[in-house]
Structure formats: structure tokens, C-alpha cells
Amino acid sequence: MIKFYYSGAPNPMKVALMLEETGLPYEPVPIDTRKGEQHQPEFLAINPNAKVPAIVDGDATVFDSNAILLYLAEKTEKFLPANTPKLRGELLSWLMFVASGVGPFAGQSVHFRQYAPEKIPYAINRYMYEAQRHFGLLDARLAKQKYVVGDAYGIVDMAVWGWARLIPNALGEEYWAKFPNLKRLVDEISARPAAERANALRQKHKFKTEFDDEARNAMFRHMTVKVA
Ligand SMILES: N[C@@H](CCC(=O)N[C@@H](CS)C(=O)NCC(=O)O)C(=O)O
């Protein structure tokens, strides 16, 4: 049985969606990052990067959400495009683009808009600009084709769903109007029974909601350690 270490944040939710889509049996293990559970030695042995999601599948341990999506897709031979060099190239490119561009820049946009103790216009503008540019690239692609890679719903769409549904938080509610094609994909995925089950999993465990000093110390360690 796969052990799935998760919280209700965007990266774990992509994996929850994929696990639900595949129907693989799994045991959800909540990691409450606002309580600092990601820093416990037992979890660090699974993901030394102290972040969720991670999975343990027999003797395989996988961390980083898009790596887990690819691992589960290869394991089940589901939600992958045909294995041609052309489509494999597109799959890897868009999967890595979401992992290295969409996620981190949208995440930093949320951080500087909502969590940073000072509102720094330069940082807010930089991350909003880049997050918006990345979502714009996806929107342009989705204007030409129904799914991001190939002609069927797959792991890149799931990876996009994890972050794009947070556009109101990352950029602002009004930004949906700029990305109608992306919104079409997000709405289509959100209506899938697997997405409903992934969202239900999020509600099942009572994760800490307060963003107090304990949460800040666990998640924003740079605030107490001066390196520059
Ligand atoms: N590149 C990683 C990023 C994982 C990540 O940033 N996870 C967040 C939740 S979305 C987390 O665990 N945050 C807790 C912390 O930073 O302490 C992935 O794609 O899985």
C-alpha cells in the first residue's frame, strides 16, 4: 500500500488527484507543516527537503510532486501521452516547466502578497509578473489544444490544476478573466469525481489553520536565521 504524505497545499493536492484518478490504494499520512511536522527526523528520512508531498511505495521513496506524478503514471501506464519522441519531449518540457516555473513563481507571488512581513513592491511585482507570464503561456497553449500535452487529459494537466486553481490567491480574483482557456481546464478537472475526492481528503484531517509563530518558525525559517 502506498503511503502518501500530504497536506492540503497545492503540491500535495496534485498527487492526491493522481492517486484518486488511478484508483491505486493508498494510506494518507497527514503532515501538518504549520506545526513543523515536516522537520521531524522520520519525515526527513523520506524527504530531506522537508516538504510535502512524498510517497513511499514498497522500497521506492519519491518526493517532489511532479516526480511523483511521473512515477505513478509510469507505474500504472496511465495519464501519459503516446511514447513517441515528439510527445515524450513535450511531456518532459511541460512537466518541468510547471515544476520549475509555474509552481515556484506562483508560490512566491502568494508569499510576497500575503505572508511577507513587509509589503515589498519590487518583489510583489516581480513574482506577479512572472507568475502571470507563466499562466499566460499555458493559456495560449490551451487556446490551441484541449489538454497541455497530446490529445488526452494527463499528468501535466493535473500538475497545472494544483496551482492554477489558486490564481485568485496568487494574482487576484480579477485575473481569471485573462486566462479563459486555463479556467476551462481547471473547471473541467475540478468537476471530476477524483478531484472531488482529493478535495475531500483535504478536509478529512484537521490541519492547523492559524498562521502563528509556531507556523512561521516551521515554514519561514529564514526569518530567524540571518544568512545575508
Ligand atoms: N518542489 C516541491 C515543493 C514542495 C512544497 O513546496 N511543498 C509545500 C506545500 S505546497 C510545503 O511542504 N511547505 C512546507 C514548508 O515549506 O515548510 C514539490 O513540487 O513537491
# chains A, B, ... in the order shown; residues from 1 in each chain; ligands from 1
call {"tool": "residues_around", "arguments": {"residues": "Phe4 in chain A", "least_positions_apart": "2", "cutoff": "8 Å", "atoms": "only C-alpha atoms", "output": "NGL selection string"}}
result
:A and (2 or 6 or 26-29 or 53-56)
call {"tool": "residues_near_ligand", "arguments": {"ligand": "ligand 1", "cutoff": "7 Å", "atoms": "only C-alpha atoms and all ligand atoms", "output": "NGL selection string"}}
result
:A and (9-12 or 33 or 38 or 50-53 or 63-66 or 99 or 218-220)
call {"tool": "closest_residue", "arguments": {"among": "A:Leu138, A:Ala215, A:Ala152, A:Met223", "to": "Glu37 in chain A", "atoms": "only C-alpha atoms"}}
result
A:Ala215
call {"tool": "residues_around", "arguments": {"residues": "range 70-82 of chain A", "least_positions_apart": "5", "cutoff": "7 Å", "atoms": "only C-alpha atoms", "output": "PyMOL selection string"}}
result
chain A and resi 87+150+153-155
call {"tool": "closest_residue", "arguments": {"among": "A:Val148, A:Ala131, A:Lys204, A:Leu44", "to": "Leu95 in chain A", "atoms": "only C-alpha atoms"}}
result
A:Val148
call {"tool": "residues_around", "arguments": {"residues": "Lys206 in chain A", "least_positions_apart": "6", "cutoff": "12 Å", "atoms": "only C-alpha atoms", "output": "compact mmCIF listing (two decimals) with all heavy atoms, in the first residue's frame"}}
result
# COMPACT_ATOMS: atom_id res chain seq x y z
N SER A 7 -0.40 17.44 2.77
CA SER A 7 -1.18 18.47 3.46
C SER A 7 -2.17 18.97 2.40
O SER A 7 -2.18 18.44 1.28
CB SER A 7 -0.28 19.62 3.93
OG SER A 7 0.11 20.41 2.81
N GLY A 8 -2.93 19.99 2.73
CA GLY A 8 -3.92 20.49 1.76
C GLY A 8 -3.35 21.51 0.79
O GLY A 8 -4.11 22.15 0.05
N PRO A 30 -1.12 12.52 7.12
CA PRO A 30 -1.06 13.99 7.17
C PRO A 30 0.24 14.49 7.80
O PRO A 30 0.71 13.92 8.79
CB PRO A 30 -2.27 14.38 8.03
CG PRO A 30 -2.73 13.13 8.69
CD PRO A 30 -2.17 11.96 7.97
N ILE A 31 0.81 15.52 7.19
CA ILE A 31 1.99 16.19 7.75
C ILE A 31 1.58 17.64 7.94
O ILE A 31 1.34 18.36 6.96
CB ILE A 31 3.21 16.11 6.76
CG1 ILE A 31 3.62 14.65 6.51
CG2 ILE A 31 4.38 16.93 7.27
CD1 ILE A 31 4.24 13.93 7.69
N ASP A 32 1.44 18.04 9.19
CA ASP A 32 0.96 19.40 9.45
C ASP A 32 2.15 20.36 9.45
O ASP A 32 2.89 20.47 10.42
CB ASP A 32 0.20 19.45 10.79
CG ASP A 32 -0.71 20.65 10.85
OD1 ASP A 32 -0.32 21.69 10.27
OD2 ASP A 32 -1.80 20.56 11.44
N ARG A 34 2.25 23.52 9.44
CA ARG A 34 2.16 24.69 10.35
C ARG A 34 2.54 24.31 11.78
O ARG A 34 2.78 25.17 12.61
CB ARG A 34 0.76 25.29 10.30
CG ARG A 34 0.52 25.95 8.96
CD ARG A 34 -0.73 26.76 8.86
NE ARG A 34 -0.80 27.32 7.52
CZ ARG A 34 -1.63 28.24 7.12
NH1 ARG A 34 -2.53 28.72 7.97
NH2 ARG A 34 -1.62 28.69 5.89
N LYS A 35 2.59 22.99 12.06
CA LYS A 35 3.07 22.53 13.37
C LYS A 35 4.53 22.09 13.29
O LYS A 35 5.08 21.59 14.27
CB LYS A 35 2.21 21.36 13.86
CG LYS A 35 0.79 21.75 14.20
CD LYS A 35 0.07 20.55 14.79
CE LYS A 35 -1.37 20.87 15.10
NZ LYS A 35 -2.16 19.63 15.27
N ALA A 200 -11.89 16.29 -0.78
CA ALA A 200 -12.47 15.73 0.45
C ALA A 200 -11.36 15.27 1.39
O ALA A 200 -11.45 15.44 2.61
CB ALA A 200 -13.40 14.57 0.11
call {"tool": "closest_atom_pairs", "arguments": {"of": "range 146-193 of chain A", "to": "range 106-117 of chain A", "cutoff": "8 Å", "atoms": "only C-alpha atoms", "output": "tab-separated table"}}
result
residue	atom	partner	partner_atom	distance
A:Trp163	CA	A:Ala106	CA	7.3
A:Asn169	CA	A:Val110	CA	6.3
A:Ala170	CA	A:Val110	CA	4.6
A:Leu171	CA	A:Ser109	CA	7.1
call {"tool": "select_by_dssp", "arguments": {"residues": "range 141-190 of chain A", "states": "helix (DSSP H, G or I)", "output": "number ranges by chain"}}
result
A: 141-144, 155-164, 167-170, 173-178, 180-190
call {"tool": "atom_distance", "arguments": {"atom1": "CA of Pro180 in chain A", "atom2": "CA of Asp151 in chain A"}}
result
18.9 Å
call {"tool": "closest_residue", "arguments": {"among": "A:Leu201, A:Ala45, A:Ala194, A:Leu137", "to": "Val160 in chain A", "atoms": "only C-alpha atoms"}}
result
A:Leu137
call {"tool": "decode", "arguments": {"residues": "range 32-79 of chain A", "atoms": "N, CA and C atoms", "output": "PDB file, in the first residue's frame"}}
result
ATOM      1  N   ASP A  32       1.444  18.040   9.193  1.00  0.00           N
ATOM      2  CA  ASP A  32       0.961  19.401   9.448  1.00  0.00           C
ATOM      3  C   ASP A  32       2.149  20.360   9.449  1.00  0.00           C
ATOM      4  N   THR A  33       2.318  21.041   8.304  1.00  0.00           N
ATOM      5  CA  THR A  33       3.517  21.883   8.141  1.00  0.00           C
ATOM      6  C   THR A  33       3.457  23.122   9.043  1.00  0.00           C
ATOM      7  N   ARG A  34       2.255  23.521   9.441  1.00  0.00           N
ATOM      8  CA  ARG A  34       2.164  24.691  10.351  1.00  0.00           C
ATOM      9  C   ARG A  34       2.539  24.309  11.777  1.00  0.00           C
ATOM     10  N   LYS A  35       2.592  22.995  12.056  1.00  0.00           N
ATOM     11  CA  LYS A  35       3.069  22.534  13.370  1.00  0.00           C
ATOM     12  C   LYS A  35       4.531  22.089  13.293  1.00  0.00           C
ATOM     13  N   GLY A  36       5.122  22.126  12.102  1.00  0.00           N
ATOM     14  CA  GLY A  36       6.539  21.763  11.956  1.00  0.00           C
ATOM     15  C   GLY A  36       6.775  20.276  11.768  1.00  0.00           C
ATOM     16  N   GLU A  37       5.720  19.515  11.433  1.00  0.00           N
ATOM     17  CA  GLU A  37       5.921  18.055  11.324  1.00  0.00           C
ATOM     18  C   GLU A  37       6.843  17.662  10.161  1.00  0.00           C
ATOM     19  N   GLN A  38       7.028  18.581   9.204  1.00  0.00           N
ATOM     20  CA  GLN A  38       7.921  18.287   8.069  1.00  0.00           C
ATOM     21  C   GLN A  38       9.390  18.208   8.497  1.00  0.00           C
ATOM     22  N   HIS A  39       9.692  18.707   9.702  1.00  0.00           N
ATOM     23  CA  HIS A  39      11.087  18.698  10.176  1.00  0.00           C
ATOM     24  C   HIS A  39      11.384  17.518  11.103  1.00  0.00           C
ATOM     25  N   GLN A  40      10.383  16.666  11.322  1.00  0.00           N
ATOM     26  CA  GLN A  40      10.636  15.510  12.200  1.00  0.00           C
ATOM     27  C   GLN A  40      11.586  14.527  11.496  1.00  0.00           C
ATOM     28  N   PRO A  41      12.504  13.920  12.256  1.00  0.00           N
ATOM     29  CA  PRO A  41      13.502  13.035  11.630  1.00  0.00           C
ATOM     30  C   PRO A  41      12.866  11.921  10.781  1.00  0.00           C
ATOM     31  N   GLU A  42      11.734  11.368  11.230  1.00  0.00           N
ATOM     32  CA  GLU A  42      11.109  10.267  10.449  1.00  0.00           C
ATOM     33  C   GLU A  42      10.671  10.775   9.071  1.00  0.00           C
ATOM     34  N   PHE A  43      10.205  12.022   9.018  1.00  0.00           N
ATOM     35  CA  PHE A  43       9.792  12.543   7.710  1.00  0.00           C
ATOM     36  C   PHE A  43      11.008  12.958   6.884  1.00  0.00           C
ATOM     37  N   LEU A  44      12.025  13.506   7.541  1.00  0.00           N
ATOM     38  CA  LEU A  44      13.239  13.909   6.799  1.00  0.00           C
ATOM     39  C   LEU A  44      13.921  12.709   6.149  1.00  0.00           C
ATOM     40  N   ALA A  45      13.725  11.529   6.727  1.00  0.00           N
ATOM     41  CA  ALA A  45      14.305  10.321   6.128  1.00  0.00           C
ATOM     42  C   ALA A  45      13.593  10.002   4.808  1.00  0.00           C
ATOM     43  N   ILE A  46      12.370  10.499   4.664  1.00  0.00           N
ATOM     44  CA  ILE A  46      11.601  10.274   3.434  1.00  0.00           C
ATOM     45  C   ILE A  46      11.842  11.418   2.451  1.00  0.00           C
ATOM     46  N   ASN A  47      11.761  12.637   2.946  1.00  0.00           N
ATOM     47  CA  ASN A  47      12.072  13.791   2.101  1.00  0.00           C
ATOM     48  C   ASN A  47      13.025  14.722   2.840  1.00  0.00           C
ATOM     49  N   PRO A  48      14.309  14.651   2.492  1.00  0.00           N
ATOM     50  CA  PRO A  48      15.284  15.508   3.194  1.00  0.00           C
ATOM     51  C   PRO A  48      15.008  16.989   2.974  1.00  0.00           C
ATOM     52  N   ASN A  49      14.181  17.317   1.981  1.00  0.00           N
ATOM     53  CA  ASN A  49      13.847  18.719   1.699  1.00  0.00           C
ATOM     54  C   ASN A  49      12.739  19.248   2.610  1.00  0.00           C
ATOM     55  N   ALA A  50      12.207  18.402   3.488  1.00  0.00           N
ATOM     56  CA  ALA A  50      11.233  18.831   4.494  1.00  0.00           C
ATOM     57  C   ALA A  50       9.999  19.500   3.895  1.00  0.00           C
ATOM     58  N   LYS A  51       9.487  18.916   2.813  1.00  0.00           N
ATOM     59  CA  LYS A  51       8.267  19.458   2.211  1.00  0.00           C
ATOM     60  C   LYS A  51       7.367  18.319   1.759  1.00  0.00           C
ATOM     61  N   VAL A  52       6.084  18.613   1.710  1.00  0.00           N
ATOM     62  CA  VAL A  52       5.135  17.647   1.161  1.00  0.00           C
ATOM     63  C   VAL A  52       4.801  18.067  -0.266  1.00  0.00           C
ATOM     64  N   PRO A  53       4.482  17.077  -1.122  1.00  0.00           N
ATOM     65  CA  PRO A  53       4.200  15.681  -0.870  1.00  0.00           C
ATOM     66  C   PRO A  53       5.436  14.784  -0.977  1.00  0.00           C
ATOM     67  N   ALA A  54       5.235  13.543  -0.470  1.00  0.00           N
ATOM     68  CA  ALA A  54       6.189  12.457  -0.695  1.00  0.00           C
ATOM     69  C   ALA A  54       5.366  11.171  -0.666  1.00  0.00           C
ATOM     70  N   ILE A  55       5.884  10.144  -1.316  1.00  0.00           N
ATOM     71  CA  ILE A  55       5.228   8.829  -1.216  1.00  0.00           C
ATOM     72  C   ILE A  55       6.281   7.767  -0.909  1.00  0.00           C
ATOM     73  N   VAL A  56       5.817   6.708  -0.260  1.00  0.00           N
ATOM     74  CA  VAL A  56       6.648   5.514  -0.101  1.00  0.00           C
ATOM     75  C   VAL A  56       5.837   4.368  -0.684  1.00  0.00           C
ATOM     76  N   ASP A  57       6.429   3.716  -1.685  1.00  0.00           N
ATOM     77  CA  ASP A  57       5.754   2.631  -2.387  1.00  0.00           C
ATOM     78  C   ASP A  57       6.700   1.426  -2.355  1.00  0.00           C
ATOM     79  N   GLY A  58       6.508   0.533  -1.372  1.00  0.00           N
ATOM     80  CA  GLY A  58       7.449  -0.579  -1.206  1.00  0.00           C
ATOM     81  C   GLY A  58       8.820  -0.021  -0.883  1.00  0.00           C
ATOM     82  N   ASP A  59       9.832  -0.387  -1.706  1.00  0.00           N
ATOM     83  CA  ASP A  59      11.158   0.139  -1.396  1.00  0.00           C
ATOM     84  C   ASP A  59      11.459   1.427  -2.173  1.00  0.00           C
ATOM     85  N   ALA A  60      10.448   1.968  -2.841  1.00  0.00           N
ATOM     86  CA  ALA A  60      10.655   3.232  -3.565  1.00  0.00           C
ATOM     87  C   ALA A  60      10.135   4.406  -2.740  1.00  0.00           C
ATOM     88  N   THR A  61      10.980   5.414  -2.597  1.00  0.00           N
ATOM     89  CA  THR A  61      10.567   6.660  -1.935  1.00  0.00           C
ATOM     90  C   THR A  61      10.679   7.759  -2.975  1.00  0.00           C
ATOM     91  N   VAL A  62       9.619   8.530  -3.141  1.00  0.00           N
ATOM     92  CA  VAL A  62       9.638   9.588  -4.155  1.00  0.00           C
ATOM     93  C   VAL A  62       9.148  10.882  -3.525  1.00  0.00           C
ATOM     94  N   PHE A  63       9.889  11.958  -3.709  1.00  0.00           N
ATOM     95  CA  PHE A  63       9.423  13.268  -3.271  1.00  0.00           C
ATOM     96  C   PHE A  63       9.498  14.238  -4.440  1.00  0.00           C
ATOM     97  N   ASP A  64       8.871  15.364  -4.299  1.00  0.00           N
ATOM     98  CA  ASP A  64       8.668  16.395  -5.321  1.00  0.00           C
ATOM     99  C   ASP A  64       7.463  15.987  -6.186  1.00  0.00           C
ATOM    100  N   SER A  65       6.472  16.867  -6.175  1.00  0.00           N
ATOM    101  CA  SER A  65       5.162  16.485  -6.717  1.00  0.00           C
ATOM    102  C   SER A  65       5.192  16.013  -8.172  1.00  0.00           C
ATOM    103  N   ASN A  66       5.951  16.712  -9.025  1.00  0.00           N
ATOM    104  CA  ASN A  66       5.908  16.307 -10.431  1.00  0.00           C
ATOM    105  C   ASN A  66       6.674  15.009 -10.667  1.00  0.00           C
ATOM    106  N   ALA A  67       7.692  14.757  -9.835  1.00  0.00           N
ATOM    107  CA  ALA A  67       8.388  13.464  -9.911  1.00  0.00           C
ATOM    108  C   ALA A  67       7.415  12.351  -9.515  1.00  0.00           C
ATOM    109  N   ILE A  68       6.592  12.622  -8.507  1.00  0.00           N
ATOM    110  CA  ILE A  68       5.626  11.596  -8.064  1.00  0.00           C
ATOM    111  C   ILE A  68       4.576  11.358  -9.153  1.00  0.00           C
ATOM    112  N   LEU A  69       4.130  12.435  -9.802  1.00  0.00           N
ATOM    113  CA  LEU A  69       3.144  12.264 -10.893  1.00  0.00           C
ATOM    114  C   LEU A  69       3.722  11.360 -11.980  1.00  0.00           C
ATOM    115  N   LEU A  70       4.973  11.623 -12.354  1.00  0.00           N
ATOM    116  CA  LEU A  70       5.588  10.823 -13.417  1.00  0.00           C
ATOM    117  C   LEU A  70       5.782   9.379 -12.952  1.00  0.00           C
ATOM    118  N   TYR A  71       6.215   9.210 -11.716  1.00  0.00           N
ATOM    119  CA  TYR A  71       6.416   7.857 -11.160  1.00  0.00           C
ATOM    120  C   TYR A  71       5.100   7.067 -11.201  1.00  0.00           C
ATOM    121  N   LEU A  72       4.037   7.691 -10.738  1.00  0.00           N
ATOM    122  CA  LEU A  72       2.747   6.971 -10.684  1.00  0.00           C
ATOM    123  C   LEU A  72       2.197   6.717 -12.095  1.00  0.00           C
ATOM    124  N   ALA A  73       2.454   7.650 -13.001  1.00  0.00           N
ATOM    125  CA  ALA A  73       1.985   7.460 -14.381  1.00  0.00           C
ATOM    126  C   ALA A  73       2.727   6.290 -15.028  1.00  0.00           C
ATOM    127  N   GLU A  74       4.037   6.228 -14.772  1.00  0.00           N
ATOM    128  CA  GLU A  74       4.819   5.127 -15.358  1.00  0.00           C
ATOM    129  C   GLU A  74       4.453   3.800 -14.704  1.00  0.00           C
ATOM    130  N   LYS A  75       4.175   3.848 -13.409  1.00  0.00           N
ATOM    131  CA  LYS A  75       3.825   2.609 -12.702  1.00  0.00           C
ATOM    132  C   LYS A  75       2.508   2.036 -13.242  1.00  0.00           C
ATOM    133  N   THR A  76       1.543   2.922 -13.482  1.00  0.00           N
ATOM    134  CA  THR A  76       0.205   2.460 -13.878  1.00  0.00           C
ATOM    135  C   THR A  76       0.017   2.465 -15.402  1.00  0.00           C
ATOM    136  N   GLU A  77       0.972   3.108 -16.115  1.00  0.00           N
ATOM    137  CA  GLU A  77       0.843   3.318 -17.571  1.00  0.00           C
ATOM    138  C   GLU A  77      -0.447   4.057 -17.890  1.00  0.00           C
ATOM    139  N   LYS A  78      -0.760   5.025 -17.034  1.00  0.00           N
ATOM    140  CA  LYS A  78      -1.971   5.834 -17.244  1.00  0.00           C
ATOM    141  C   LYS A  78      -1.599   7.314 -17.256  1.00  0.00           C
ATOM    142  N   PHE A  79      -2.433   8.100 -17.932  1.00  0.00           N
ATOM    143  CA  PHE A  79      -2.303   9.567 -17.943  1.00  0.00           C
ATOM    144  C   PHE A  79      -0.983  10.042 -18.548  1.00  0.00           C
TER     145      PHE A  79
END
